[in-house]
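Shown next: input_24.txt, containing compact mmCIF, C-alpha atoms.
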```txt
# COMPACT_ATOMS: atom_id res chain seq x y z
CA MET A 1 50.20 -41.73 14.62
CA GLN A 2 50.66 -43.56 17.90
CA LYS A 3 48.69 -42.34 20.92
CA SER A 4 51.73 -41.50 23.08
CA ASN A 5 53.33 -39.49 20.26
CA ARG A 6 50.08 -37.63 19.60
CA MET A 7 49.83 -36.56 23.25
CA ILE A 8 53.33 -35.10 23.58
CA TYR A 9 53.18 -33.52 20.12
CA GLN A 10 49.88 -31.79 20.86
CA LEU A 11 51.04 -30.46 24.21
CA LEU A 12 54.22 -29.03 22.70
CA HIS A 13 52.40 -27.63 19.70
CA ASN A 14 49.76 -25.92 21.84
CA PHE A 15 52.37 -24.28 24.06
CA PHE A 16 55.10 -23.30 21.59
CA SER A 17 53.24 -22.59 18.34
CA ILE A 18 51.96 -19.31 19.79
CA ASN A 19 55.42 -17.71 19.68
CA GLU A 20 57.43 -19.95 17.35
CA PRO A 21 56.82 -19.49 13.61
CA ILE A 22 56.59 -22.41 11.22
CA GLN A 23 59.85 -22.85 9.30
CA LYS A 24 59.68 -24.14 5.72
CA VAL A 25 62.58 -26.43 4.80
CA LYS A 26 63.33 -27.90 1.38
CA GLY A 27 63.65 -31.63 0.82
CA GLY A 28 67.24 -32.89 1.01
CA THR A 29 68.21 -30.41 3.75
CA VAL A 30 70.44 -31.63 6.59
CA LEU A 31 68.90 -30.38 9.84
CA PHE A 32 71.77 -31.56 12.01
CA GLN A 33 74.62 -34.04 12.02
CA GLU A 34 75.89 -36.59 14.50
CA LYS A 35 78.01 -35.07 17.31
CA GLU A 36 76.81 -31.50 16.71
CA LEU A 37 75.82 -29.68 19.89
CA VAL A 38 72.07 -29.67 20.40
CA ASN A 39 70.23 -26.41 19.82
CA TYR A 40 66.68 -27.44 19.00
CA ILE A 41 64.08 -30.15 19.08
CA TYR A 42 61.62 -30.18 16.19
CA LEU A 43 57.88 -30.54 15.72
CA ILE A 44 57.10 -31.89 12.25
CA VAL A 45 54.00 -30.07 11.04
CA LYS A 46 54.31 -31.40 7.50
CA GLY A 47 56.73 -33.60 5.55
CA SER A 48 59.09 -36.51 6.27
CA ILE A 49 62.55 -36.69 7.85
CA ALA A 50 65.06 -39.57 7.87
CA ILE A 51 67.11 -40.21 11.02
CA GLY A 52 70.30 -42.25 10.76
CA ARG A 53 74.06 -42.38 10.51
CA VAL A 54 76.72 -42.54 7.84
CA HIS A 55 79.29 -45.33 8.20
CA GLU A 56 82.95 -44.44 7.73
CA SER A 57 82.73 -46.33 4.40
CA GLY A 58 80.18 -43.76 3.25
CA LYS A 59 77.13 -46.04 3.46
CA ASP A 60 73.93 -44.54 4.85
CA PHE A 61 71.97 -46.33 7.57
CA THR A 62 68.46 -45.10 8.29
CA LEU A 63 67.16 -45.76 11.78
CA LYS A 64 63.66 -44.41 11.24
CA ILE A 65 61.54 -42.05 9.19
CA LEU A 66 59.45 -39.44 10.99
CA SER A 67 56.46 -37.73 9.45
CA HIS A 68 53.86 -35.05 10.15
CA HIS A 69 52.66 -34.54 13.73
CA GLU A 70 55.71 -36.28 15.20
CA ILE A 71 58.53 -34.93 17.33
CA LEU A 72 62.25 -35.07 16.64
CA VAL A 73 64.31 -35.42 19.84
CA GLU A 74 67.63 -37.18 19.19
CA TYR A 75 69.86 -36.53 22.17
CA GLN A 76 70.38 -37.45 25.84
CA LEU A 77 67.80 -35.37 27.69
CA PHE A 78 68.74 -33.15 30.65
CA SER A 79 72.48 -33.64 30.16
CA LYS A 80 75.13 -30.91 30.07
CA ASN A 81 76.20 -29.82 26.58
CA PRO A 82 74.52 -32.73 24.79
CA TYR A 83 75.14 -33.55 21.15
CA TYR A 84 72.93 -35.16 18.55
CA GLN A 85 73.24 -38.95 18.38
CA PHE A 86 72.25 -39.19 14.70
CA ASN A 87 71.93 -37.24 11.47
CA ALA A 88 68.60 -35.79 10.35
CA LYS A 89 67.76 -35.05 6.71
CA THR A 90 64.47 -33.98 5.18
CA LEU A 91 63.13 -36.43 2.59
CA THR A 92 60.43 -34.03 1.38
CA ASP A 93 59.67 -30.34 1.71
CA CYS A 94 58.85 -29.85 5.39
CA GLU A 95 57.18 -27.41 7.74
CA LEU A 96 58.76 -27.42 11.19
CA ILE A 97 58.49 -25.71 14.54
CA MET A 98 61.94 -25.38 16.10
CA ILE A 99 61.95 -25.32 19.91
CA ASN A 100 64.96 -24.24 21.91
CA LYS A 101 66.38 -27.18 23.88
CA GLU A 102 66.40 -25.36 27.21
CA GLN A 103 62.82 -24.15 26.78
CA PHE A 104 61.69 -27.66 25.84
CA GLU A 105 63.34 -29.24 28.88
CA GLU A 106 61.94 -26.59 31.19
CA PHE A 107 58.43 -27.11 29.85
CA VAL A 108 58.43 -30.91 30.18
CA SER A 109 59.95 -30.62 33.67
CA LEU A 110 57.37 -28.18 35.03
CA ASP A 111 54.18 -29.31 33.29
CA PRO A 112 52.96 -32.64 34.80
CA ASP A 113 50.94 -33.57 31.72
CA ALA A 114 53.97 -32.99 29.48
CA THR A 115 56.19 -35.01 31.82
CA ASN A 116 53.83 -37.99 31.74
CA ALA A 117 53.36 -37.73 27.97
CA LEU A 118 57.11 -37.58 27.38
CA LEU A 119 57.71 -40.65 29.57
CA ALA A 120 54.97 -42.59 27.75
CA TRP A 121 56.43 -41.63 24.37
CA MET A 122 59.97 -42.61 25.40
CA SER A 123 58.77 -45.96 26.77
CA VAL A 124 57.00 -46.88 23.54
CA SER A 125 59.98 -45.70 21.47
CA TYR A 126 62.33 -47.94 23.49
CA ILE A 127 60.17 -51.04 23.07
CA LYS A 128 59.69 -50.33 19.38
CA ALA A 129 63.44 -50.00 18.81
CA GLN A 130 64.13 -53.29 20.63
CA ILE A 131 61.56 -55.22 18.59
CA LYS A 132 62.75 -53.73 15.31
CA CYS A 133 66.34 -54.67 16.13
CA MET A 134 65.25 -58.22 16.97
CA ASP A 135 63.32 -58.53 13.70
CA LEU A 136 66.31 -57.49 11.61
CA ILE A 137 68.66 -59.85 13.45
CA MET A 138 66.38 -62.90 13.44
CA ASN A 139 64.87 -62.66 9.95
CA GLY A 140 67.84 -61.88 7.69
CA LYS A 141 67.74 -59.55 4.70
CA LYS A 142 64.52 -60.89 3.18
CA GLY A 143 62.68 -61.00 6.50
CA GLY A 144 64.12 -57.62 7.40
CA LEU A 145 62.61 -56.12 4.26
CA TYR A 146 59.26 -57.79 4.91
CA SER A 147 59.31 -56.50 8.49
CA ILE A 148 60.02 -52.95 7.33
CA LEU A 149 57.16 -53.12 4.79
CA ILE A 150 54.80 -54.27 7.55
CA ARG A 151 55.96 -51.42 9.76
CA LEU A 152 55.50 -48.92 6.92
CA CYS A 153 51.92 -50.18 6.56
CA ASN A 154 51.31 -49.65 10.26
CA SER A 155 52.82 -46.16 10.30
CA TYR A 156 51.74 -44.80 6.93
CA GLY A 157 49.23 -47.29 5.50
CA VAL A 158 45.98 -46.17 3.87
CA ALA A 159 43.36 -48.74 2.85
CA THR A 160 42.52 -48.73 -0.88
CA PRO A 161 40.60 -51.12 -3.15
CA ASP A 162 43.95 -52.46 -4.42
CA GLY A 163 45.51 -53.01 -0.99
CA ILE A 164 47.32 -50.92 1.62
CA LEU A 165 48.95 -47.82 0.15
CA ILE A 166 52.11 -46.78 1.99
CA ASP A 167 51.39 -43.08 1.71
CA ILE A 168 54.95 -41.82 1.84
CA PRO A 169 57.40 -41.62 -1.08
CA ILE A 170 60.29 -44.01 -0.55
CA THR A 171 62.99 -45.16 -2.96
CA HIS A 172 64.67 -48.54 -3.24
CA GLN A 173 67.84 -46.99 -1.83
CA GLU A 174 65.98 -45.63 1.19
CA LEU A 175 64.50 -49.10 1.79
CA ALA A 176 68.01 -50.52 1.59
CA ASN A 177 69.18 -47.96 4.16
CA LEU A 178 66.33 -49.00 6.48
CA THR A 179 67.18 -52.69 6.23
CA PHE A 180 70.98 -52.16 6.37
CA GLY A 181 71.27 -53.92 3.02
CA THR A 182 72.30 -52.98 -0.50
CA ARG A 183 70.05 -51.51 -3.17
CA GLU A 184 70.79 -54.45 -5.48
CA VAL A 185 69.56 -57.00 -2.92
CA ILE A 186 66.45 -54.95 -2.12
CA GLN A 187 65.63 -54.53 -5.81
CA ARG A 188 65.88 -58.28 -6.35
CA LEU A 189 63.62 -59.03 -3.37
CA LEU A 190 61.08 -56.42 -4.44
CA LYS A 191 61.07 -57.77 -7.99
CA ASP A 192 60.22 -61.20 -6.62
CA LEU A 193 57.37 -59.74 -4.55
CA ARG A 194 55.99 -57.94 -7.61
CA LYS A 195 56.09 -61.15 -9.65
CA LYS A 196 54.08 -62.89 -6.92
CA GLU A 197 51.68 -59.91 -6.91
CA ILE A 198 52.33 -59.28 -3.24
CA ILE A 199 53.18 -55.62 -3.88
CA SER A 200 53.06 -52.97 -6.58
CA TYR A 201 55.19 -49.85 -6.88
CA ASP A 202 54.44 -46.61 -8.70
CA GLN A 203 55.84 -43.08 -8.35
CA GLN A 204 57.91 -44.06 -5.30
CA LYS A 205 54.88 -45.38 -3.41
CA PHE A 206 54.16 -49.02 -2.55
CA ILE A 207 50.83 -50.80 -2.40
CA ILE A 208 50.88 -53.96 -0.30
CA LYS A 209 48.34 -56.28 -1.91
CA LYS A 210 48.83 -59.29 0.36
CA LEU A 211 49.93 -58.15 3.79
CA SER A 212 49.09 -61.60 5.19
CA TYR A 213 51.86 -63.12 3.05
CA LEU A 214 54.51 -60.82 4.54
CA LYS A 215 53.26 -61.47 8.08
CA GLN A 216 53.32 -65.23 7.58
CA GLU A 217 56.87 -65.16 6.22
CA VAL A 218 58.24 -63.39 9.32
CA ASP A 219 55.98 -65.14 11.86
CA CYS A 220 54.38 -61.80 12.71
CA GLN A 221 52.98 -61.62 16.26
CA ASN A 222 50.46 -58.92 15.30
CA CYS A 223 51.71 -56.40 17.84
CA LYS A 224 49.78 -53.18 18.31
CA HIS A 225 50.48 -50.58 15.62
CA GLU A 226 51.82 -48.30 18.37
CA ILE A 227 54.63 -50.81 18.91
CA CYS A 228 55.08 -52.19 15.39
CA GLY A 229 55.77 -48.97 13.53
CA LEU A 230 58.67 -47.51 11.65
CA ASN A 231 59.08 -44.24 13.53
```
In C-alpha cells, write the structure found in this file.
Amino acid sequence: MQKSNRMIYQLLHNFFSINEPIQKVKGGTVLFQEKELVNYIYLIVKGSIAIGRVHESGKDFTLKILSHHEILVEYQLFSKNPYYQFNAKTLTDCELIMINKEQFEEFVSLDPDATNALLAWMSVSYIKAQIKCMDLIMNGKKGGLYSILIRLCNSYGVATPDGILIDIPITHQELANLTFGTREVIQRLLKDLRKKEIISYDQQKFIIKKLSYLKQEVDCQNCKHEICGLN
C-alpha cells in the first residue's frame, strides 16, 4: 500500500473505528451507482472493490481495483449535494467501515494531520491516473495489458520462487474491463504470454515469471510503486 494512502487510512481508522462497526458485505454487491447522492465514504478493512462505469451499450469499464487498508472516496469533496462519479462493486467478500460524508469532511477539515494526509493522497492519485491514461493511449491493447499487469505487480505483488504472484483473484473479463478491451482479445494476448512462459495463471491468480519482458515491451520508466499502481 502506498505511503500516502496508508497515512490517511490509518488516521480515519483510528478516529472512526471506535464508534463505527465493521460491516460485512458479500462479493458481487453494488455499494453505490453513478449519479447516486453521496452518503458515505468507505474504509476497506478486508476484500477488494472494483470502481468503474457501465457504458450505454452495457459494457463495463473498470477504472481501478481497491483492496484492504484503502479508502473509497469517489465524489467531489466539499460540494453541495454531491453524487458518486462511478459505480462501486465488491469483487470478494468485504469488511468495511462506512463513514458519514459530513463527518468525514468535518474531520479532515479540522484535523491538520488528516488535511495534509488527504492532500498527499489526492496528489498521488491524480498523478497515477494521468500516467495510467497515458500508458493506455500510447501502448495500444497489448501494451495496455502489459501495463496493467505491471501495475498489478506493484499493487498486489508477492515474491515467490516462481515469480511475482499477483495476490488478488482476477478474471480475464475483469482484465478486459481494466484495459477497455474485449475478453477475446485479452485471452489471446494472455495465451501468447503463457506460451512464452512470461506468465502463468491458476485459480484466478497470475504469476508474472518475467516482469522484465513486460517492462521492456512498454518502455517502462520504473516509476515508484506509489505512482505506478493500479488503485
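One finds CA of Leu77 in chain A at 18.6 Å from CA of Leu31 in chain A.
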In terms of the shortest atom-to-atom distance over all atoms listed in the file, which of A:Ala159, A:Asp167, A:Gly143, A:Ala176 is closest to Val218 in chain A?
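That would be A:Gly143, the residue with the smallest distance to Val218 in chain A.
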Range 126-145 of chain A: axis-aligned bounding box, 5 Å on each side, centre and edge lengths in Å, one decimal, as lines of an AutoDock Vina configuration file:
```
center_x = 64.2
center_y = -55.4
center_z = 13.3
size_x = 19.0
size_y = 25.0
size_z = 30.3
```
Residues within 6 Å of Asn87 in chain A, please, as an MDAnalysis selection string. Count all atoms listed in the file; anything in the same chain fewer than 5 positions from it doesn't count.
chainID A and resid 32:34 51:53
List the spatial neighbours of range 127-137 of chain A as a PDB file with C-alpha atoms, in the coordinates of the input - criterion: any atom at most 8 Å away, only C-alpha atoms, same-chain residues fewer than 6 positions off excluded.
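Generated file (part_37.pdb):
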```
ATOM      1  CA  GLY A 143      62.680 -61.000   6.500  1.00  0.00           C
ATOM      2  CA  GLY A 144      64.120 -57.620   7.400  1.00  0.00           C
ATOM      3  CA  SER A 147      59.310 -56.500   8.490  1.00  0.00           C
ATOM      4  CA  THR A 179      67.180 -52.690   6.230  1.00  0.00           C
ATOM      5  CA  ILE A 227      54.630 -50.810  18.910  1.00  0.00           C
ATOM      6  CA  CYS A 228      55.080 -52.190  15.390  1.00  0.00           C
ATOM      7  CA  GLY A 229      55.770 -48.970  13.530  1.00  0.00           C
TER       8      GLY A 229
END
```
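Distances from A:Asn5, A:Asn139, A:Gln23, A:Asn222 to Ala120 in chain A were compared using all atoms listed in the file, and the smallest one belongs to A:Asn5.
Closest approach to Ile150 in chain A among A:His225, A:His13, A:His172, A:Arg183: A:His225, based on all atoms listed in the file.
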Measuring between all atoms listed in the file, which one of A:Tyr40, A:Ala114, A:Lys205, A:Glu226 shows the shortest distance to Tyr126 in chain A?
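Closest to Tyr126 in chain A, using all atoms listed in the file: A:Glu226.
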Selected residue of minimal separation from Tyr83 in chain A among A:Gly27, A:Lys35, A:Trp121, A:Lys64, counting all atoms listed in the file
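Of the candidates, the smallest distance to Tyr83 in chain A is held by A:Lys35.
Between CA of Leu43 in chain A and CA of Tyr9 in chain A lies a distance of 7.1 Å.
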Please indicate the distance in Å from CA of Lys59 in chain A to CA of Glu217 in chain A, rounded to one decimal place.
28.0 Å
Residue nearest Ser48 in chain A - candidates A:Val185, A:Leu145, A:Cys94, A:Ala88, atoms counted: all atoms listed in the file
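Result for the nearest residue to Ser48 in chain A: A:Cys94.
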Cut-off 10 Å around (59.7, -34.0, 4.6) with all atoms listed in the file: residues as a PyMOL selection string
chain A and resi 24-29+44-50+65-68+89-96+168-169
Contacts of Leu190 in chain A within 12 Å, all atoms listed in the file, excl. fewer than 5 positions in-chain, as a list in words
Lys141, Lys142, Gly143, Leu145, Tyr146, Leu149, Thr171, His172, Gln173, Leu175, Ala176, Arg183, Glu184, Val185, Lys195, Lys196, Glu197, Ile198, Ile199, Ser200, Tyr201, Phe206, Ile207, Ile208 and Leu214 of chain A
Kindly extract all protein, DNA and RNA residues lying within 7 Å of the coordinates (59.6, -48.8, 10.5) given in the file, considering only C-alpha atoms, and supply them as a PyMOL selection string.
chain A and resi 64+148+151-152+229-231
